[in-house]
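Raw query-v5.pdb, PDB, C-alpha atoms and all ligand atoms:
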```pdb
ATOM      1  CA  MET A 231      -0.233  14.905  16.904
ATOM      2  CA  GLY A 232      -3.875  14.225  17.649
ATOM      3  CA  LEU A 233      -3.232  10.870  19.278
ATOM      4  CA  ARG A 234      -1.627  12.589  22.257
ATOM      5  CA  GLU A 235      -4.985  14.079  23.014
ATOM      6  CA  LEU A 236      -6.610  10.670  23.422
ATOM      7  CA  THR A 237      -6.995   9.963  27.111
ATOM      8  CA  SER A 238      -7.059   6.205  26.661
ATOM      9  CA  LEU A 239      -3.415   5.936  25.563
ATOM     10  CA  THR A 240      -1.470   3.408  27.623
ATOM     11  CA  SER A 241       1.893   4.474  29.012
ATOM     12  CA  LEU A 242       3.624   2.288  26.413
ATOM     13  CA  GLU A 243       1.613   3.923  23.594
ATOM     14  CA  THR A 244       2.464   7.368  24.973
ATOM     15  CA  SER A 245       6.124   6.432  25.016
ATOM     16  CA  LEU A 246       6.018   4.973  21.486
ATOM     17  CA  LEU A 247       4.230   8.044  20.217
ATOM     18  CA  SER A 248       6.835  10.349  21.733
ATOM     19  CA  GLN A 249       9.540   8.497  19.784
ATOM     20  CA  LEU A 250       7.791   8.897  16.414
ATOM     21  CA  LYS A 251       9.210  11.560  14.125
ATOM     22  CA  PRO A 252       6.232  13.346  12.532
ATOM     23  CA  GLU A 253       8.370  14.517   9.600
ATOM     24  CA  SER A 254       9.241  11.002   8.465
ATOM     25  CA  LEU A 255       5.964   9.171   8.719
ATOM     26  CA  PRO A 256       4.892   7.117   5.714
ATOM     27  CA  GLN A 257       2.419   8.788   3.391
ATOM     28  CA  HIS A 258       0.724   5.544   2.469
ATOM     29  CA  VAL A 259       0.440   2.433   4.643
ATOM     30  CA  ALA A 260      -0.892  -0.809   3.151
ATOM     31  CA  ILE A 261      -1.849  -3.757   5.334
ATOM     32  CA  ILE A 262      -2.272  -7.467   4.658
ATOM     33  CA  MET A 263      -4.601  -8.322   7.534
ATOM     34  CA  ASP A 264      -3.935 -11.949   8.319
ATOM     35  CA  GLY A 265      -4.573 -14.356  11.181
ATOM     36  CA  ASN A 266      -8.266 -13.871  12.019
ATOM     37  CA  GLY A 267      -8.934 -17.598  11.676
ATOM     38  CA  ARG A 268      -5.997 -18.625  13.881
ATOM     39  CA  TRP A 269      -6.973 -16.012  16.467
ATOM     40  CA  ALA A 270     -10.465 -17.505  16.653
ATOM     41  CA  HIS A 271      -9.193 -21.092  16.631
ATOM     42  CA  ALA A 272      -6.875 -20.384  19.583
ATOM     43  CA  ARG A 273      -9.937 -19.282  21.549
ATOM     44  CA  GLY A 274     -12.149 -22.139  20.436
ATOM     45  CA  CYS A 275     -14.424 -19.700  18.571
ATOM     46  CA  SER A 276     -15.773 -19.705  15.036
ATOM     47  CA  ARG A 277     -13.676 -18.008  12.355
ATOM     48  CA  ILE A 278     -16.245 -15.267  11.898
ATOM     49  CA  LEU A 279     -15.572 -14.069  15.431
ATOM     50  CA  GLY A 280     -11.944 -13.603  14.421
ATOM     51  CA  HIS A 281     -13.101 -11.609  11.404
ATOM     52  CA  ARG A 282     -15.335  -9.464  13.634
ATOM     53  CA  GLU A 283     -12.398  -8.650  15.886
ATOM     54  CA  GLY A 284     -10.421  -8.001  12.710
ATOM     55  CA  VAL A 285     -12.864  -5.272  11.744
ATOM     56  CA  GLU A 286     -12.123  -3.598  15.091
ATOM     57  CA  SER A 287      -8.395  -3.719  14.346
ATOM     58  CA  ALA A 288      -9.070  -2.112  10.973
ATOM     59  CA  ARG A 289     -10.927   0.660  12.755
ATOM     60  CA  HIS A 290      -7.894   1.183  15.030
ATOM     61  CA  ALA A 291      -5.565   1.358  12.025
ATOM     62  CA  VAL A 292      -7.813   3.990  10.431
ATOM     63  CA  THR A 293      -7.827   6.071  13.623
ATOM     64  CA  VAL A 294      -4.050   5.948  14.019
ATOM     65  CA  CYS A 295      -3.521   7.029  10.385
ATOM     66  CA  GLN A 296      -6.096   9.752  10.751
ATOM     67  CA  GLU A 297      -4.627  11.116  13.962
ATOM     68  CA  LEU A 298      -1.051  11.026  12.709
ATOM     69  CA  GLY A 299      -1.880  12.710   9.413
ATOM     70  CA  ILE A 300      -0.983   9.709   7.227
ATOM     71  CA  SER A 301      -2.733  10.363   3.931
ATOM     72  CA  ALA A 302      -3.543   6.856   2.663
ATOM     73  CA  LEU A 303      -4.347   3.496   4.201
ATOM     74  CA  THR A 304      -5.050   0.467   2.015
ATOM     75  CA  LEU A 305      -6.467  -2.668   3.614
ATOM     76  CA  TYR A 306      -6.401  -6.064   1.907
ATOM     77  CA  ALA A 307      -9.783  -7.373   3.009
ATOM     78  CA  PHE A 308     -10.603 -10.067   0.449
ATOM     79  CA  SER A 309      -8.394 -11.461  -2.274
ATOM     80  CA  LEU A 310      -9.483 -13.051  -5.536
ATOM     81  CA  GLU A 311      -8.077 -16.279  -4.085
ATOM     82  CA  ASN A 312     -10.394 -15.917  -1.055
ATOM     83  CA  TRP A 313     -13.322 -16.869  -3.317
ATOM     84  CA  LYS A 314     -12.060 -20.452  -2.887
ATOM     85  CA  ARG A 315     -13.090 -20.418   0.795
ATOM     86  CA  PRO A 316     -16.190 -22.315   1.943
ATOM     87  CA  LYS A 317     -19.408 -20.631   0.777
ATOM     88  CA  SER A 318     -20.575 -20.243   4.382
ATOM     89  CA  GLU A 319     -17.465 -18.236   5.346
ATOM     90  CA  ILE A 320     -17.694 -16.122   2.192
ATOM     91  CA  SER A 321     -21.302 -15.167   2.834
ATOM     92  CA  LEU A 322     -20.552 -14.305   6.483
ATOM     93  CA  LEU A 323     -17.621 -12.175   5.332
ATOM     94  CA  MET A 324     -19.824 -10.379   2.792
ATOM     95  CA  GLU A 325     -22.316  -9.641   5.593
ATOM     96  CA  LEU A 326     -19.483  -8.312   7.718
ATOM     97  CA  PHE A 327     -18.293  -6.023   4.916
ATOM     98  CA  GLY A 328     -21.861  -4.745   4.582
ATOM     99  CA  GLU A 329     -21.978  -4.009   8.322
ATOM    100  CA  PHE A 330     -18.611  -2.289   8.068
ATOM    101  CA  PHE A 331     -19.919  -0.010   5.311
ATOM    102  CA  GLN A 332     -23.092   0.741   7.244
ATOM    103  CA  TYR A 333     -21.662   1.466  10.663
ATOM    104  CA  HIS A 334     -18.014   2.428  10.335
ATOM    105  CA  CYS A 335     -18.120   4.198   7.027
ATOM    106  CA  SER A 336     -20.927   6.551   8.014
ATOM    107  CA  GLN A 337     -18.592   7.535  10.822
ATOM    108  CA  PHE A 338     -15.792   7.926   8.273
ATOM    109  CA  LEU A 339     -17.945  10.375   6.337
ATOM    110  CA  GLN A 340     -18.493  12.515   9.421
ATOM    111  CA  GLU A 341     -14.744  12.488  10.020
ATOM    112  CA  GLY A 342     -13.897  13.531   6.469
ATOM    113  CA  ILE A 343     -12.320  10.236   5.406
ATOM    114  CA  ARG A 344     -12.423   9.404   1.724
ATOM    115  CA  PHE A 345     -13.431   5.829   1.018
ATOM    116  CA  ARG A 346     -12.575   3.750  -2.048
ATOM    117  CA  ALA A 347     -12.663   0.092  -3.001
ATOM    118  CA  ILE A 348     -10.429  -1.646  -5.530
ATOM    119  CA  GLY A 349     -10.610  -5.093  -7.066
ATOM    120  CA  ARG A 350     -13.113  -7.046  -9.129
ATOM    121  CA  LEU A 351     -16.046  -5.411  -7.436
ATOM    122  CA  GLU A 352     -18.427  -6.814 -10.048
ATOM    123  CA  LEU A 353     -18.005 -10.238  -8.370
ATOM    124  CA  LEU A 354     -19.381  -8.940  -5.057
ATOM    125  CA  PRO A 355     -23.073  -9.278  -4.148
ATOM    126  CA  SER A 356     -24.943  -6.358  -5.749
ATOM    127  CA  PRO A 357     -26.100  -4.758  -2.456
ATOM    128  CA  LEU A 358     -22.413  -4.453  -1.500
ATOM    129  CA  GLN A 359     -21.569  -2.965  -4.902
ATOM    130  CA  ILE A 360     -24.275  -0.360  -4.413
ATOM    131  CA  MET A 361     -23.046   0.512  -0.907
ATOM    132  CA  ILE A 362     -19.502   0.883  -2.206
ATOM    133  CA  ARG A 363     -20.556   3.174  -5.069
ATOM    134  CA  GLU A 364     -22.626   5.317  -2.704
ATOM    135  CA  LEU A 365     -19.838   5.620  -0.165
ATOM    136  CA  GLU A 366     -17.259   6.441  -2.806
ATOM    137  CA  ALA A 367     -19.497   9.155  -4.207
ATOM    138  CA  ALA A 368     -20.427  10.552  -0.781
ATOM    139  CA  SER A 369     -16.843  10.729   0.443
ATOM    140  CA  GLN A 370     -15.363  12.184  -2.739
ATOM    141  CA  GLY A 371     -13.576  15.474  -2.183
ATOM    142  CA  THR A 372     -12.615  14.706   1.408
ATOM    143  CA  GLU A 373      -8.866  14.521   1.233
ATOM    144  CA  ARG A 374      -7.445  14.156   4.742
ATOM    145  CA  LEU A 375      -7.173  10.369   4.671
ATOM    146  CA  THR A 376      -8.053   7.971   1.875
ATOM    147  CA  VAL A 377      -9.031   4.509   3.079
ATOM    148  CA  THR A 378      -8.959   1.961   0.265
ATOM    149  CA  LEU A 379     -10.415  -1.480   0.753
ATOM    150  CA  ALA A 380      -8.997  -4.139  -1.573
ATOM    151  CA  LEU A 381     -11.962  -6.453  -2.092
ATOM    152  CA  SER A 382     -11.998  -9.341  -4.524
ATOM    153  CA  TYR A 383      -8.576  -8.006  -5.413
ATOM    154  CA  GLY A 384      -5.548  -9.593  -7.080
ATOM    155  CA  GLY A 385      -2.362  -7.748  -8.037
ATOM    156  CA  ARG A 386      -1.675  -9.775 -11.185
ATOM    157  CA  ASP A 387      -5.279  -9.399 -12.242
ATOM    158  CA  GLU A 388      -4.990  -5.628 -11.785
ATOM    159  CA  ILE A 389      -1.912  -5.532 -14.027
ATOM    160  CA  VAL A 390      -3.578  -7.670 -16.717
ATOM    161  CA  THR A 391      -6.676  -5.450 -16.542
ATOM    162  CA  ALA A 392      -4.436  -2.412 -17.028
ATOM    163  CA  VAL A 393      -2.767  -4.007 -20.055
ATOM    164  CA  ASN A 394      -6.167  -4.791 -21.585
ATOM    165  CA  LYS A 395      -7.216  -1.140 -21.169
ATOM    166  CA  ILE A 396      -3.983  -0.041 -22.809
ATOM    167  CA  VAL A 397      -4.623  -2.386 -25.741
ATOM    168  CA  GLN A 398      -8.113  -0.858 -26.120
ATOM    169  CA  ASP A 399      -6.686   2.671 -25.979
ATOM    170  CA  ALA A 400      -4.036   1.687 -28.507
ATOM    171  CA  ALA A 401      -6.726   0.416 -30.867
ATOM    172  CA  GLN A 402      -8.338   3.861 -30.702
ATOM    173  CA  GLY A 403      -5.016   5.602 -31.332
ATOM    174  CA  MET A 404      -4.845   7.026 -27.808
ATOM    175  CA  VAL A 405      -1.661   5.059 -27.025
ATOM    176  CA  ARG A 406       1.064   4.733 -29.617
ATOM    177  CA  ASP A 407       4.307   2.799 -29.841
ATOM    178  CA  GLY A 408       6.866   4.148 -27.367
ATOM    179  CA  MET A 409       4.388   6.321 -25.477
ATOM    180  CA  LEU A 410       4.237   4.178 -22.369
ATOM    181  CA  ASN A 411       6.550   4.631 -19.430
ATOM    182  CA  GLU A 412       6.219   3.625 -15.767
ATOM    183  CA  ASP A 413       4.232   6.704 -14.774
ATOM    184  CA  ARG A 414       1.809   6.342 -17.687
ATOM    185  CA  PHE A 415       1.373   2.634 -17.014
ATOM    186  CA  ALA A 416       0.582   3.355 -13.343
ATOM    187  CA  GLN A 417      -2.229   5.646 -14.517
ATOM    188  CA  TYR A 418      -4.046   2.536 -15.726
ATOM    189  CA  LEU A 419      -3.979   0.905 -12.283
ATOM    190  CA  SER A 420      -6.801   1.181  -9.767
ATOM    191  CA  THR A 421      -4.524   3.112  -7.420
ATOM    192  CA  SER A 422      -3.668   5.795  -9.983
ATOM    193  CA  ASP A 423      -4.702   8.574  -7.610
ATOM    194  CA  LEU A 424      -2.619   7.316  -4.679
ATOM    195  CA  PRO A 425       1.094   7.456  -3.941
ATOM    196  CA  ASP A 426       2.766   4.036  -3.846
ATOM    197  CA  PRO A 427       2.742   2.489  -0.354
ATOM    198  CA  ASP A 428       5.789   3.446   1.706
ATOM    199  CA  LEU A 429       5.093   0.714   4.227
ATOM    200  CA  VAL A 430       3.428  -2.685   3.835
ATOM    201  CA  ILE A 431       2.487  -4.482   7.042
ATOM    202  CA  ARG A 432       1.601  -8.170   7.173
ATOM    203  CA  THR A 433       0.424  -9.774  10.375
ATOM    204  CA  SER A 434       0.351 -13.387  11.624
ATOM    205  CA  GLY A 435       3.933 -14.455  10.955
ATOM    206  CA  GLU A 436       3.573 -15.008   7.208
ATOM    207  CA  SER A 437       6.274 -13.360   5.090
ATOM    208  CA  ARG A 438       4.627 -13.127   1.672
ATOM    209  CA  VAL A 439       3.018 -10.368  -0.357
ATOM    210  CA  SER A 440       0.228 -12.671  -1.587
ATOM    211  CA  ASN A 441      -0.634 -10.895  -4.820
ATOM    212  CA  PHE A 442      -1.160  -7.526  -3.094
ATOM    213  CA  LEU A 443      -0.414  -4.312  -5.024
ATOM    214  CA  LEU A 444       2.380  -6.034  -6.931
ATOM    215  CA  TRP A 445       3.306  -3.063  -9.099
ATOM    216  CA  GLN A 446       2.882  -0.464  -6.373
ATOM    217  CA  ILE A 447       5.055  -2.053  -3.673
ATOM    218  CA  ALA A 448       8.248  -2.183  -5.743
ATOM    219  CA  TYR A 449      10.026   0.119  -3.271
ATOM    220  CA  SER A 450       7.863  -0.303  -0.166
ATOM    221  CA  GLU A 451       9.336  -1.180   3.190
ATOM    222  CA  LEU A 452       7.957  -4.518   4.362
ATOM    223  CA  TYR A 453       7.080  -5.139   8.003
ATOM    224  CA  PHE A 454       6.188  -8.648   9.101
ATOM    225  CA  THR A 455       4.931  -9.352  12.592
ATOM    226  CA  ASN A 456       3.791 -12.524  14.374
ATOM    227  CA  ILE A 457       0.857 -10.657  15.929
ATOM    228  CA  LEU A 458      -2.474 -11.963  14.609
ATOM    229  CA  TRP A 459      -4.621  -9.289  12.969
ATOM    230  CA  PRO A 460      -7.335  -9.151  15.688
ATOM    231  CA  ASP A 461      -4.555  -8.326  18.195
ATOM    232  CA  PHE A 462      -2.987  -5.686  15.957
ATOM    233  CA  ARG A 463      -4.235  -2.570  17.656
ATOM    234  CA  ARG A 464      -2.908   0.940  18.274
ATOM    235  CA  GLN A 465       0.257  -0.153  20.070
ATOM    236  CA  GLU A 466       1.196  -2.582  17.289
ATOM    237  CA  MET A 467       0.566   0.046  14.647
ATOM    238  CA  LEU A 468       2.842   2.497  16.465
ATOM    239  CA  LEU A 469       5.553  -0.198  16.712
ATOM    240  CA  ALA A 470       5.301  -0.791  12.960
ATOM    241  CA  LEU A 471       5.621   2.935  12.263
ATOM    242  CA  LEU A 472       8.636   3.216  14.568
ATOM    243  CA  ASP A 473      10.266   0.272  12.824
ATOM    244  CA  TYR A 474       9.615   1.988   9.479
ATOM    245  CA  GLN A 475      11.447   5.044  10.762
ATOM    246  CA  THR A 476      14.580   2.978  11.380
ATOM    247  CA  ARG A 477      14.778   2.034   7.679
ATOM    248  CA  ASP A 478      17.281   3.699   5.383
ATOM    249  CA  ARG A 479      15.129   4.324   2.316
ATOM    250  CA  ARG A 480      17.616   4.550  -0.484
ATOM    251  CA  LEU A 481      15.120   3.708  -3.236
ATOM    252  CA  GLY A 482      17.875   2.278  -5.383
ATOM    253  CA  GLY A 483      20.340   5.026  -4.547
ATOM    254  CA  ILE A 484      23.122   5.225  -1.997
ATOM    255  CA  PRO A 485      23.277   6.170   1.680
ATOM    256  CA  SER A 486      23.089   9.965   1.702
ATOM    257  CA  ARG A 487      26.122  10.199   4.007
ATOM    258  CA  GLU A 488      28.491   8.680   1.431
ATOM    259  CA  GLU A 489      30.590  11.123  -0.522
ATOM    260  CA  VAL A 490      30.636  10.367  -4.230
ATOM    261  CA  GLU A 491      32.431  11.775  -7.188
ATOM    262  CA  LEU A 492      30.503  12.588 -10.360
ATOM    263  CA  ILE A 493      31.837  11.173 -13.618
ATOM    264  CA  GLU A 494      30.240  11.460 -17.004
ATOM    265  CA  PRO A 495      29.425   8.113 -18.657
ATOM    266  CA  GLU A 496      31.139   7.669 -22.010
ATOM    267  CA  PRO A 497      28.685   7.893 -24.899
ATOM    268  CA  SER A 498      28.522   4.731 -26.995
ATOM    269  CA  THR A 499      29.354   5.034 -30.663
ATOM    270  CA  SER A 500      26.156   3.255 -31.767
ATOM    271  CA  GLY A 501      23.939   5.445 -29.611
ATOM    272  CA  ALA A 502      22.780   2.395 -27.668
ATOM    273  CA  PHE A 503      24.385   1.197 -24.464
ATOM    274  CA  PRO A 504      26.215  -2.112 -25.020
ATOM    275  CA  VAL A 505      24.355  -4.677 -22.909
ATOM    276  CA  GLU A 506      27.500  -6.684 -22.112
ATOM    277  CA  ASP A 507      29.028  -3.590 -20.461
ATOM    278  CA  MET A 508      25.933  -2.815 -18.491
ATOM    279  CA  HIS A 509      26.744  -4.697 -15.283
ATOM    280  CA  VAL A 510      30.322  -3.454 -15.160
ATOM    281  CA  ARG A 511      29.178   0.096 -15.819
ATOM    282  CA  ASN A 512      26.368  -0.213 -13.315
ATOM    283  CA  ARG A 513      28.903  -1.059 -10.651
ATOM    284  CA  GLN A 514      31.163   1.824 -11.676
ATOM    285  CA  VAL A 515      28.585   4.494 -12.281
ATOM    286  CA  SER A 516      25.419   3.720 -10.348
ATOM    287  CA  THR A 517      26.492   5.390  -7.138
ATOM    288  CA  ARG A 518      27.603   8.488  -9.016
ATOM    289  CA  LEU A 519      24.371   8.754 -10.920
ATOM    290  CA  GLN A 520      22.480   9.672  -7.797
ATOM    291  CA  GLU A 521      24.628  12.613  -6.818
ATOM    292  CA  PRO A 522      22.784  15.503  -8.476
ATOM    293  CA  LEU A 523      19.527  14.500  -6.794
ATOM    294  CA  LEU A 524      21.162  13.961  -3.436
ATOM    295  CA  GLN A 525      22.840  17.344  -3.675
ATOM    296  CA  SER A 526      19.553  19.038  -4.343
ATOM    297  CA  GLY A 527      18.150  17.306  -1.262
ATOM    298  CA  GLU A 528      15.456  15.413  -3.186
ATOM    299  CA  ALA A 529      14.515  11.853  -2.470
ATOM    300  CA  VAL A 530      15.421   9.566  -5.360
ATOM    301  CA  GLY A 531      11.917   8.400  -6.241
ATOM    302  CA  ALA A 532      10.563   6.685  -9.321
ATOM    303  CA  GLN A 533      10.565   9.960 -11.221
ATOM    304  CA  GLY A 534      14.187  10.642 -10.284
ATOM    305  CA  TYR A 535      15.136   7.156 -11.369
ATOM    306  CA  SER A 536      13.423   7.401 -14.746
ATOM    307  CA  SER A 537      14.879  10.804 -15.523
ATOM    308  CA  LEU A 538      18.351   9.600 -14.564
ATOM    309  CA  SER A 539      18.123   6.397 -16.528
ATOM    310  CA  SER A 540      16.784   8.108 -19.621
ATOM    311  CA  SER A 541      19.470  10.806 -19.630
ATOM    312  CA  TRP A 542      22.128   8.176 -19.093
ATOM    313  CA  LEU A 543      20.954   5.613 -21.608
ATOM    314  CA  ASP A 544      19.683   7.895 -24.358
TER     315      ASP A 544
HETATM  316  C1  LIG B 601      -7.403 -12.890   7.105
HETATM  317  O1  LIG B 601      -7.528 -13.866   8.103
HETATM  318  C2  LIG B 601      -8.642 -12.202   6.953
HETATM  319  C3  LIG B 601      -9.450 -12.210   5.858
HETATM  320  C4  LIG B 601      -9.087 -12.842   4.584
HETATM  321  C5  LIG B 601     -10.802 -11.652   5.929
HETATM  322  C6  LIG B 601     -11.073 -10.208   5.845
HETATM  323  C7  LIG B 601     -10.597  -9.284   6.884
HETATM  324  C8  LIG B 601     -11.360  -8.803   7.885
HETATM  325  C9  LIG B 601     -12.733  -9.253   8.163
HETATM  326  C10 LIG B 601     -10.810  -7.766   8.772
HETATM  327  C11 LIG B 601     -11.093  -6.345   8.362
HETATM  328  C12 LIG B 601     -12.279  -6.064   7.549
HETATM  329  C13 LIG B 601     -12.629  -4.866   7.028
HETATM  330  C14 LIG B 601     -13.930  -4.724   6.369
HETATM  331  C15 LIG B 601     -11.776  -3.678   7.096
HETATM  332  P1  LIG B 601      -7.601 -15.394   7.734
HETATM  333  O2  LIG B 601      -9.027 -15.827   7.724
HETATM  334  O3  LIG B 601      -6.854 -15.649   6.486
HETATM  335  O4  LIG B 601      -6.873 -16.003   8.983
HETATM  336  P2  LIG B 601      -6.043 -17.362   9.068
HETATM  337  O5  LIG B 601      -4.910 -17.251   8.087
HETATM  338  O6  LIG B 601      -5.581 -17.399  10.480
HETATM  339  O7  LIG B 601      -6.995 -18.473   8.724
END
```
Output the file's structure in the form of structure tokens.
Amino acid sequence: MGLRELTSLTSLETSLLSQLKPESLPQHVAIIMDGNGRWAHARGCSRILGHREGVESARHAVTVCQELGISALTLYAFSLENWKRPKSEISLLMELFGEFFQYHCSQFLQEGIRFRAIGRLELLPSPLQIMIRELEAASQGTERLTVTLALSYGGRDEIVTAVNKIVQDAAQGMVRDGMLNEDRFAQYLSTSDLPDPDLVIRTSGESRVSNFLLWQIAYSELYFTNILWPDFRRQEMLLALLDYQTRDRRLGGIPSREEVELIEPEPSTSGAFPVEDMHVRNRQVSTRLQEPLLQSGEAVGAQGYSSLSSSWLD
């Protein structure tokens, strides 16, 4: 692990790092960075100072992911709802994003980090849009870590946008009745080239998902901490990752240690599964359904679930 090589690790960070299991790190970490304003208020400073410190925390999160070999980090930097903030704060934030692209992202390029932005980017000031397009193009092909900035982003809006694209494709005959499934739908989302987040972190004591990656976080582990984002540095990130490693990720299945017996579901005479029996059958059969995948040592992911449910219900 590269982080070990950093001389500035505190003894607590060194200890936390030694407890991390490299084989069960999340592939994709998504963060709702919250609490910049409260951090600044507690120090009698202007909110923008909190945001500036927040940019530093983002830089720390990127470094930790990079050093640990985590392949994707998505940062919720500005929501569609954030457009309701005072104009003065919005324009300072836009300046800050511009600075971030100029200073930090050029460093990202040297370090082989791929940069992307998702959200209604057309609402951003055009110089920012240009910077984003240039950075995305320049960092394409670098695959070690993908850093995605959610800017002017809303999860519901992303889903509605996806549905509108599907309707357009349907009008051109590219999508037909019955062709859609979860995987195909996800291809219409702005994160289509990323795995779903394994871990979502939210700082500042709030326990909400606030319209962030609504489709993609269906099975994510959620980590809420009281730490305000500007204080969320390397140590806090390591604590979040260690907490993640204590989770039993069943993804709708059963604990792998439980022995189960496989029974075949009875086919229905009509070919369709009677809805009224569904809950009873779910209780009887659901644990058994997972067995073939568990035996083969695979994680029961979305693909496993859809193949199981289709073979069972068809
Ligand atoms: C949340 O704090 C922060 C934001 C909505 C602003 C954007 C985030 C940053 C500037 C940090 C990282 C930036 C980049 C470019 C990676 P808040 O203002 O909602 O805080 P509060 O809830 O305490 O008022």
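When all atoms listed in the file are used to measure the gap to ligand LIG 601 (chain B), the shortest distance among A:Phe338, A:Phe454, A:Phe327, A:Trp313 belongs to A:Phe327.
Here CA of Phe330 in chain A stands at a distance of 11.0 Å from CA of Gly284 in chain A.
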Closest atom pairs, residues of chain A within 6 Å of ligand LIG 601 (chain B), all atoms listed in the file, as JSON lines:
```
{"residue": "A:Met263", "atom": "CA", "partner": "B:LIG601", "partner_atom": "C1", "distance": 5.4}
{"residue": "A:Asp264", "atom": "CA", "partner": "B:LIG601", "partner_atom": "C1", "distance": 3.8}
{"residue": "A:Gly265", "atom": "CA", "partner": "B:LIG601", "partner_atom": "O6", "distance": 3.3}
{"residue": "A:Asn266", "atom": "CA", "partner": "B:LIG601", "partner_atom": "O4", "distance": 4.0}
{"residue": "A:Gly267", "atom": "CA", "partner": "B:LIG601", "partner_atom": "O6", "distance": 3.6}
{"residue": "A:Arg268", "atom": "CA", "partner": "B:LIG601", "partner_atom": "O6", "distance": 3.6}
{"residue": "A:His281", "atom": "CA", "partner": "B:LIG601", "partner_atom": "C9", "distance": 4.0}
{"residue": "A:Gly284", "atom": "CA", "partner": "B:LIG601", "partner_atom": "C10", "distance": 4.0}
{"residue": "A:Val285", "atom": "CA", "partner": "B:LIG601", "partner_atom": "C11", "distance": 4.0}
{"residue": "A:Ala288", "atom": "CA", "partner": "B:LIG601", "partner_atom": "C15", "distance": 5.0}
{"residue": "A:Ala307", "atom": "CA", "partner": "B:LIG601", "partner_atom": "C6", "distance": 4.2}
{"residue": "A:Phe308", "atom": "CA", "partner": "B:LIG601", "partner_atom": "C4", "distance": 5.2}
{"residue": "A:Phe327", "atom": "CA", "partner": "B:LIG601", "partner_atom": "C14", "distance": 4.8}
{"residue": "A:Phe330", "atom": "CA", "partner": "B:LIG601", "partner_atom": "C14", "distance": 5.5}
```
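By chain and then residue number, the residues within 10 Å of Thr378 in chain A are A:Ala260, A:Ala302, A:Leu303, A:Thr304, A:Leu305, A:Tyr306, A:Ala307, A:Arg344, A:Phe345, A:Arg346, A:Ala347, A:Ile348, A:Glu366, A:Thr421, A:Leu424, counting only C-alpha atoms and disregarding those fewer than 6 positions away in sequence.
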Review point. When distances are computed from only C-alpha atoms, which of A:Leu469, A:Cys335, A:Val430, A:Ala367 shows the smallest separation from Arg289 in chain A?
Key: A:Cys335
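Each of A:Tyr418, A:Trp459, A:Phe442, A:Tyr453 was compared to Val390 in chain A using all atoms listed in the file, and A:Tyr418 turns out to be the nearest.
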How big is the axis-aligned box around the listed atoms of range 404-420 of chain A once 3 Å is added on each side, and where is its centre? Give both in Å to one decimal, as AutoDock Vina command-line options.
```
--center_x 0.0 --center_y 4.0 --center_z -19.8 --size_x 19.7 --size_y 12.1 --size_z 26.1
```
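If all atoms listed in the file are the atoms counted, then among A:Asp423, A:Arg273, A:Ile300, A:Val294 the closest residue to Glu253 in chain A is A:Ile300.
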Check your understanding: How many Å lie between CA of Leu298 in chain A and CA of Glu451 in chain A, rounded to one decimal?
Key -> 18.6 Å
**Study point:** Test item: residues at most 10 Å from Ser437 in chain A, all atoms listed in the file, excluding those fewer than 4 positions along its chain, as number ranges by chain
**Key:** A: 431-433, 452-456
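For the pair CA of Ile360 in chain A and CA of Tyr383 in chain A, the separation is 17.5 Å.
Each of A:Cys295, A:Leu310, A:Ile389, A:Leu444 was compared to Val259 in chain A using all atoms listed in the file, and A:Cys295 turns out to be the nearest.
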Practice item. Would you mind listing what lies within 9 Å of Thr391 in chain A as a PyMOL selection string, with all atoms listed in the file counted and same-chain residues fewer than 4 positions away left out? Key: chain A and resi 386-387+395-396+418-419
**Study point:** Picked residues, the PyMOL selection byres (((chain A and resi 464) around 8) and not hetatm), as a PyMOL selection string
**Key:** chain A and resi 243+290-291+294+462-463+465-468
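With distances taken from (3.4, 0.5, -11.5) and restricted to all atoms listed in the file, the residues inside 10 Å are Ile389, Asn411, Glu412, Asp413, Arg414, Phe415, Ala416, Gln417, Tyr418, Leu419, Thr421, Ser422, Asp426, Leu443, Leu444, Trp445, Gln446, Ile447, Ala448 and Ala532 of chain A.
In terms of minimum interatomic distance to Ser434 in chain A, A:Trp269 ranks closest within A:Ile343, A:Trp269, A:Thr293, A:Arg477, counting all atoms listed in the file.
Once the PyMOL selection byres (((chain A and resi 326) around 12) and not hetatm) is applied to the shown structure, the selection contains Ile278, Leu279, Gly280, His281, Arg282, Glu283, Gly284, Val285, Glu286, Ala307, Phe308, Glu319, Ile320, Ser321, Leu322, Leu323, Met324, Glu325, Phe327, Gly328, Glu329, Phe330, Phe331, Gln332, Tyr333, His334 and Leu358 of chain A.
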Exercise for review: Could you tell me which residues the PyMOL selection byres (((chain A and resi 255) around 12) and not hetatm) returns for this structure, as a ChimeraX atom specification?
Suggested key: /A:231,247,249-254,256-259,294-295,297-302,427-429,468,470-477
Check your understanding: Residues at most 7 Å from Arg350 in chain A, counting only C-alpha atoms, excluding those fewer than 2 positions away in the same chain, as JSON, numbers by chain?
Key -> {"A": [352, 353, 382, 383]}
Review point. Leaving out Asn441 in chain A and any residue of its chain fewer than 2 positions from it, which residues lie within 6 Å of it when counting all atoms listed in the file, given as a ChimeraX atom specification?
Key: /A:384-385,439
Residues just named, written with C-alpha atoms as a short mmCIF file (atom, residue, chain, number, x, y, z; two decimals), in the frame of the given file:
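Below is the file again_2.cif, written as the result:
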```cif
data_model
loop_
_atom_site.label_atom_id
_atom_site.label_comp_id
_atom_site.auth_asym_id
_atom_site.auth_seq_id
_atom_site.Cartn_x
_atom_site.Cartn_y
_atom_site.Cartn_z
CA GLY A 384 -5.55 -9.59 -7.08
CA GLY A 385 -2.36 -7.75 -8.04
CA VAL A 439 3.02 -10.37 -0.36
#
```
